[in-house]
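Structure first, then comments.
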Amino acid sequence: MILPTTILEKVWGRDVLPAPFAAPAGVRVGEIWFEPPSQLPDLLVKYLFTSEKLSVQCHPDAAQAQAMGAGKTGKEECWLVVAAEPGATLGIGFNEEVGAEAMRAAALDGSIEDLLTWHPVQAGDVFYIPAGTVHAIGPGCSIIEVQQNEDITFRLFDYGRDRELHLDEGLKVAKGTPYDMALHQRLPASGHATLVDGPKFRLDLVAGVPDDGLLYSYSEGLLVVPIAGEVLAGGEVVSPGQCAWSPDLASVSFAPHGKALVTAPLG
Ligand SMILES: O=P(O)(O)OC[C@H]1O[C@@H](O)[C@@H](O)[C@@H](O)[C@@H]1O
């Protein structure tokens, strides 16, 4: 079942999108969401298109979201950079440990931007972002994001834009630590790759036809996101730029030379 999309306009979005997407006239598209189906409500897949920096922000985990009355599951996310302009960077984690008071002061005067580690990126970079990680996506990126389906973002700093900040909530959950580079990887030139294996979801790159191990791992409902070539799911042709739900991986047909992401919730 191909999922319907919702387009979100963002101050940092783009009015010209890479194929196969097209922005409606006059709309600065920041995010395209694939609406989660009732059979699999826990995960949200989005494309992000950036022309400016996103806010410096963080997300709570489940316990924090519940304690704050802000949600149930919290939000962990994973980014796959599908295209990046030369010099594109993602701010993730801090260059050095930052204490809560120093972080508050840096968020208030904007110097938090300079305390972040700006990682140079290219197509194929993958970053898992645990709850509490302070981050800011930079301009010039097209990203596929897989996230827990809860829309809680605490903005710490927004470059003086006229948008709401959530400094007190954000500082309760923000970790003032460097990013753990063990959570970064690059897509291999060939072959399958497990990109995320918990705690909240699993995400794999399927290159060509999945092996038995992968079929076993995805024996229940999943989302499939073709990135090169089409797949067949539930009798529908699913193309790059689309996302489909399937009751299991065995019901999806992959082209021998195609590439697709598959993802399913864990726990
Ligand atoms: O608060 P802004 O800058 O609009 O960014 C909001 C966006 O941030 C990204 O890092 C992701 O977490 C997206 O899921 C989220 O929608």
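In the structure tokens, chains take letters A, B, ... by order of appearance, with residues numbered from 1 within each chain and ligands from 1 in the order shown.
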Would you pick out the contacts of region 96-100 of chain A at 7 Å or less, using only C-alpha atoms, so that residues sharing its chain but fewer than 6 positions from it are not included, and give the list as a list in words?
Leu171, Gly176, Thr177 and Pro178 of chain A
Could you save those same residues with all heavy atoms as a PDB file, in the first residue's frame?
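Okay, this is what ended up in result-v8.pdb:
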```
ATOM      1  N   LEU A 171      16.524  22.059  27.563  1.00  0.00           N
ATOM      2  CA  LEU A 171      17.683  21.898  28.447  1.00  0.00           C
ATOM      3  C   LEU A 171      17.489  20.744  29.433  1.00  0.00           C
ATOM      4  O   LEU A 171      18.461  20.196  29.942  1.00  0.00           O
ATOM      5  CB  LEU A 171      17.954  23.209  29.192  1.00  0.00           C
ATOM      6  CG  LEU A 171      18.540  24.311  28.290  1.00  0.00           C
ATOM      7  CD1 LEU A 171      18.563  25.644  29.019  1.00  0.00           C
ATOM      8  CD2 LEU A 171      19.942  23.950  27.814  1.00  0.00           C
ATOM      9  N   GLY A 176      24.956  17.314  26.781  1.00  0.00           N
ATOM     10  CA  GLY A 176      26.039  18.216  26.398  1.00  0.00           C
ATOM     11  C   GLY A 176      27.296  17.469  26.028  1.00  0.00           C
ATOM     12  O   GLY A 176      28.387  17.824  26.466  1.00  0.00           O
ATOM     13  N   THR A 177      27.144  16.445  25.218  1.00  0.00           N
ATOM     14  CA  THR A 177      28.284  15.560  24.923  1.00  0.00           C
ATOM     15  C   THR A 177      28.590  15.522  23.423  1.00  0.00           C
ATOM     16  O   THR A 177      27.727  15.838  22.602  1.00  0.00           O
ATOM     17  CB  THR A 177      27.961  14.103  25.361  1.00  0.00           C
ATOM     18  OG1 THR A 177      26.678  13.753  24.823  1.00  0.00           O
ATOM     19  CG2 THR A 177      27.902  13.992  26.868  1.00  0.00           C
ATOM     20  N   PRO A 178      29.823  15.110  23.067  1.00  0.00           N
ATOM     21  CA  PRO A 178      30.126  14.898  21.649  1.00  0.00           C
ATOM     22  C   PRO A 178      29.278  13.748  21.078  1.00  0.00           C
ATOM     23  O   PRO A 178      28.817  12.877  21.834  1.00  0.00           O
ATOM     24  CB  PRO A 178      31.617  14.526  21.653  1.00  0.00           C
ATOM     25  CG  PRO A 178      32.147  15.076  22.940  1.00  0.00           C
ATOM     26  CD  PRO A 178      31.021  14.948  23.919  1.00  0.00           C
TER      27      PRO A 178
END
```
Counting only C-alpha atoms and all ligand atoms, what are the residues, protein, DNA or RNA alike, that approach ligand 1 to within 7 Å? I want them as a PyMOL selection string.
chain A and resi 10+54-55+57+135-137+153+155
Excluding same-chain residues fewer than 5 positions from Leu156 (chain A), what lies within 7 Å of it counting only C-alpha atoms, as number ranges by chain?
A: 56-57, 107, 165-167, 170
Take the residues from that selection and put them in a file with all heavy atoms, as a PDB file, in the first residue's frame.
```
ATOM      1  N   VAL A  56      18.648  24.704  16.150  1.00  0.00           N
ATOM      2  CA  VAL A  56      19.442  23.852  17.039  1.00  0.00           C
ATOM      3  C   VAL A  56      18.443  23.280  18.035  1.00  0.00           C
ATOM      4  O   VAL A  56      17.738  24.040  18.720  1.00  0.00           O
ATOM      5  CB  VAL A  56      20.530  24.675  17.763  1.00  0.00           C
ATOM      6  CG1 VAL A  56      21.295  23.780  18.722  1.00  0.00           C
ATOM      7  CG2 VAL A  56      21.464  25.329  16.751  1.00  0.00           C
ATOM      8  N   GLN A  57      18.351  21.978  18.101  1.00  0.00           N
ATOM      9  CA  GLN A  57      17.206  21.349  18.775  1.00  0.00           C
ATOM     10  C   GLN A  57      17.565  19.994  19.368  1.00  0.00           C
ATOM     11  O   GLN A  57      18.653  19.450  19.110  1.00  0.00           O
ATOM     12  CB  GLN A  57      16.103  21.149  17.744  1.00  0.00           C
ATOM     13  CG  GLN A  57      16.603  20.356  16.529  1.00  0.00           C
ATOM     14  CD  GLN A  57      15.526  20.051  15.500  1.00  0.00           C
ATOM     15  OE1 GLN A  57      15.005  18.963  15.504  1.00  0.00           O
ATOM     16  NE2 GLN A  57      15.231  21.008  14.650  1.00  0.00           N
ATOM     17  N   ALA A 107      22.803  29.051  24.164  1.00  0.00           N
ATOM     18  CA  ALA A 107      21.548  29.066  23.390  1.00  0.00           C
ATOM     19  C   ALA A 107      20.988  30.484  23.362  1.00  0.00           C
ATOM     20  O   ALA A 107      20.463  30.937  22.342  1.00  0.00           O
ATOM     21  CB  ALA A 107      20.544  28.098  23.995  1.00  0.00           C
ATOM     22  N   LEU A 165      10.587  29.032  20.726  1.00  0.00           N
ATOM     23  CA  LEU A 165      11.700  28.268  21.306  1.00  0.00           C
ATOM     24  C   LEU A 165      11.171  27.477  22.499  1.00  0.00           C
ATOM     25  O   LEU A 165      10.117  27.796  23.050  1.00  0.00           O
ATOM     26  CB  LEU A 165      12.823  29.208  21.756  1.00  0.00           C
ATOM     27  CG  LEU A 165      13.518  30.016  20.660  1.00  0.00           C
ATOM     28  CD1 LEU A 165      14.534  30.969  21.272  1.00  0.00           C
ATOM     29  CD2 LEU A 165      14.212  29.089  19.662  1.00  0.00           C
ATOM     30  N   HIS A 166      11.931  26.442  22.884  1.00  0.00           N
ATOM     31  CA  HIS A 166      11.515  25.590  24.016  1.00  0.00           C
ATOM     32  C   HIS A 166      12.735  25.334  24.881  1.00  0.00           C
ATOM     33  O   HIS A 166      13.131  24.189  25.109  1.00  0.00           O
ATOM     34  CB  HIS A 166      10.940  24.262  23.495  1.00  0.00           C
ATOM     35  CG  HIS A 166      10.080  24.403  22.274  1.00  0.00           C
ATOM     36  ND1 HIS A 166      10.561  24.324  20.983  1.00  0.00           N
ATOM     37  CD2 HIS A 166       8.757  24.675  22.161  1.00  0.00           C
ATOM     38  CE1 HIS A 166       9.579  24.514  20.124  1.00  0.00           C
ATOM     39  NE2 HIS A 166       8.474  24.737  20.808  1.00  0.00           N
ATOM     40  N   LEU A 167      13.341  26.436  25.328  1.00  0.00           N
ATOM     41  CA  LEU A 167      14.643  26.336  25.981  1.00  0.00           C
ATOM     42  C   LEU A 167      14.580  25.525  27.278  1.00  0.00           C
ATOM     43  O   LEU A 167      15.430  24.657  27.511  1.00  0.00           O
ATOM     44  CB  LEU A 167      15.168  27.759  26.233  1.00  0.00           C
ATOM     45  CG  LEU A 167      16.619  27.887  26.620  1.00  0.00           C
ATOM     46  CD1 LEU A 167      17.527  27.151  25.647  1.00  0.00           C
ATOM     47  CD2 LEU A 167      17.019  29.362  26.673  1.00  0.00           C
ATOM     48  N   GLY A 170      13.946  21.894  26.452  1.00  0.00           N
ATOM     49  CA  GLY A 170      15.104  21.367  25.721  1.00  0.00           C
ATOM     50  C   GLY A 170      16.286  21.113  26.644  1.00  0.00           C
ATOM     51  O   GLY A 170      16.953  20.075  26.548  1.00  0.00           O
TER      52      GLY A 170
END
```
Find the residues around region 36-49 of chain A up to 6 Å (only C-alpha atoms counted), leave out those fewer than 6 positions away in its own chain, and share them as a PyMOL selection string.
chain A and resi 13+30+141-149
Mind writing the picked residues with N, CA, C and O atoms as an mmCIF file, in the first residue's frame?
```
data_model
loop_
_atom_site.group_PDB
_atom_site.id
_atom_site.type_symbol
_atom_site.label_atom_id
_atom_site.label_comp_id
_atom_site.auth_asym_id
_atom_site.auth_seq_id
_atom_site.Cartn_x
_atom_site.Cartn_y
_atom_site.Cartn_z
ATOM 1 N N GLY A 13 13.078 25.509 3.982
ATOM 2 C CA GLY A 13 12.824 24.564 2.886
ATOM 3 C C GLY A 13 13.289 25.103 1.540
ATOM 4 O O GLY A 13 14.049 26.071 1.464
ATOM 5 N N GLY A 30 9.868 22.027 3.040
ATOM 6 C CA GLY A 30 10.921 21.556 3.942
ATOM 7 C C GLY A 30 10.846 20.058 4.158
ATOM 8 O O GLY A 30 11.869 19.374 4.215
ATOM 9 N N CYS A 141 20.994 20.068 1.823
ATOM 10 C CA CYS A 141 20.867 18.613 2.026
ATOM 11 C C CYS A 141 19.493 18.104 1.615
ATOM 12 O O CYS A 141 18.479 18.765 1.856
ATOM 13 N N SER A 142 19.480 16.914 1.015
ATOM 14 C CA SER A 142 18.250 16.136 0.858
ATOM 15 C C SER A 142 18.451 14.880 1.695
ATOM 16 O O SER A 142 19.459 14.180 1.524
ATOM 17 N N ILE A 143 17.523 14.639 2.588
ATOM 18 C CA ILE A 143 17.698 13.592 3.598
ATOM 19 C C ILE A 143 16.442 12.743 3.669
ATOM 20 O O ILE A 143 15.317 13.281 3.624
ATOM 21 N N ILE A 144 16.606 11.434 3.807
ATOM 22 C CA ILE A 144 15.488 10.578 4.205
ATOM 23 C C ILE A 144 15.622 10.379 5.709
ATOM 24 O O ILE A 144 16.681 9.953 6.191
ATOM 25 N N GLU A 145 14.576 10.715 6.429
ATOM 26 C CA GLU A 145 14.575 10.543 7.884
ATOM 27 C C GLU A 145 13.568 9.459 8.251
ATOM 28 O O GLU A 145 12.432 9.475 7.778
ATOM 29 N N VAL A 146 14.003 8.533 9.095
ATOM 30 C CA VAL A 146 13.095 7.552 9.706
ATOM 31 C C VAL A 146 13.068 7.889 11.186
ATOM 32 O O VAL A 146 14.120 8.010 11.815
ATOM 33 N N GLN A 147 11.874 8.063 11.737
ATOM 34 C CA GLN A 147 11.783 8.496 13.132
ATOM 35 C C GLN A 147 10.620 7.812 13.837
ATOM 36 O O GLN A 147 9.684 7.328 13.202
ATOM 37 N N GLN A 148 10.715 7.774 15.165
ATOM 38 C CA GLN A 148 9.545 7.399 15.950
ATOM 39 C C GLN A 148 8.462 8.432 15.643
ATOM 40 O O GLN A 148 8.751 9.627 15.523
ATOM 41 N N ASN A 149 7.232 7.938 15.535
ATOM 42 C CA ASN A 149 6.167 8.813 15.043
ATOM 43 C C ASN A 149 5.608 9.705 16.158
ATOM 44 O O ASN A 149 4.474 9.541 16.576
#
```
Can you list every residue in region 71-195 of chain A that DSSP puts in strand (DSSP E), as JSON, numbers by chain?
{"A": [77, 78, 79, 80, 81, 82, 83, 84, 89, 90, 91, 92, 93, 94, 116, 117, 118, 119, 120, 125, 126, 127, 128, 129, 135, 136, 137, 141, 142, 143, 144, 145, 146, 147, 148, 154, 155, 156, 157, 184, 185, 186, 193, 194, 195]}
Find the residues near Val262 (chain A): any atom within 6 Å, counting only C-alpha atoms, skip ones fewer than 3 places away on the same chain, and give them as an mmCIF file with all heavy atoms, in the first residue's frame.
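The result, written out as around32.cif:
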```cif
data_model
loop_
_atom_site.group_PDB
_atom_site.id
_atom_site.type_symbol
_atom_site.label_atom_id
_atom_site.label_comp_id
_atom_site.auth_asym_id
_atom_site.auth_seq_id
_atom_site.Cartn_x
_atom_site.Cartn_y
_atom_site.Cartn_z
ATOM 1 N N LEU A 203 16.462 -0.571 10.595
ATOM 2 C CA LEU A 203 16.507 0.047 9.264
ATOM 3 C C LEU A 203 17.608 -0.640 8.484
ATOM 4 O O LEU A 203 18.738 -0.755 8.965
ATOM 5 C CB LEU A 203 16.802 1.548 9.412
ATOM 6 C CG LEU A 203 17.021 2.355 8.121
ATOM 7 C CD1 LEU A 203 15.731 2.433 7.300
ATOM 8 C CD2 LEU A 203 17.482 3.783 8.454
ATOM 9 N N ASP A 204 17.269 -1.133 7.306
ATOM 10 C CA ASP A 204 18.252 -1.844 6.476
ATOM 11 C C ASP A 204 18.242 -1.303 5.065
ATOM 12 O O ASP A 204 17.202 -0.899 4.545
ATOM 13 C CB ASP A 204 17.911 -3.344 6.417
ATOM 14 C CG ASP A 204 18.215 -4.054 7.720
ATOM 15 O OD1 ASP A 204 17.362 -4.001 8.622
ATOM 16 O OD2 ASP A 204 19.304 -4.649 7.838
ATOM 17 N N LEU A 223 7.894 -0.745 6.404
ATOM 18 C CA LEU A 223 7.803 0.279 5.364
ATOM 19 C C LEU A 223 8.966 0.083 4.416
ATOM 20 O O LEU A 223 10.079 -0.258 4.850
ATOM 21 C CB LEU A 223 7.855 1.678 5.982
ATOM 22 C CG LEU A 223 6.764 2.003 7.001
ATOM 23 C CD1 LEU A 223 6.961 3.402 7.588
ATOM 24 C CD2 LEU A 223 5.372 1.896 6.374
ATOM 25 N N VAL A 224 8.716 0.270 3.135
ATOM 26 C CA VAL A 224 9.777 0.137 2.131
ATOM 27 C C VAL A 224 9.877 1.448 1.366
ATOM 28 O O VAL A 224 8.865 2.045 0.975
ATOM 29 C CB VAL A 224 9.530 -1.090 1.206
ATOM 30 C CG1 VAL A 224 8.179 -1.021 0.523
ATOM 31 C CG2 VAL A 224 10.640 -1.232 0.160
#
```
Which residue of A:Ala193, A:Ile152, A:Ala123, A:Val238 approaches Ala84 (chain A) most closely, using only C-alpha atoms
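Among the listed residues, A:Ala123 lies closest to Ala84 (chain A).
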Nearby residues (only C-alpha atoms) at most 8 Å from Asp15 (chain A), same-chain spacing under 3 positions excluded, as a VMD selection string
chain A and resid 23 to 29
Counting only C-alpha atoms, which of A:Lys75, A:Gln185, A:Asn95, A:Arg161 gets nearest to Gln122 (chain A)?
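That would be A:Gln185, the residue with the smallest distance to Gln122 (chain A).
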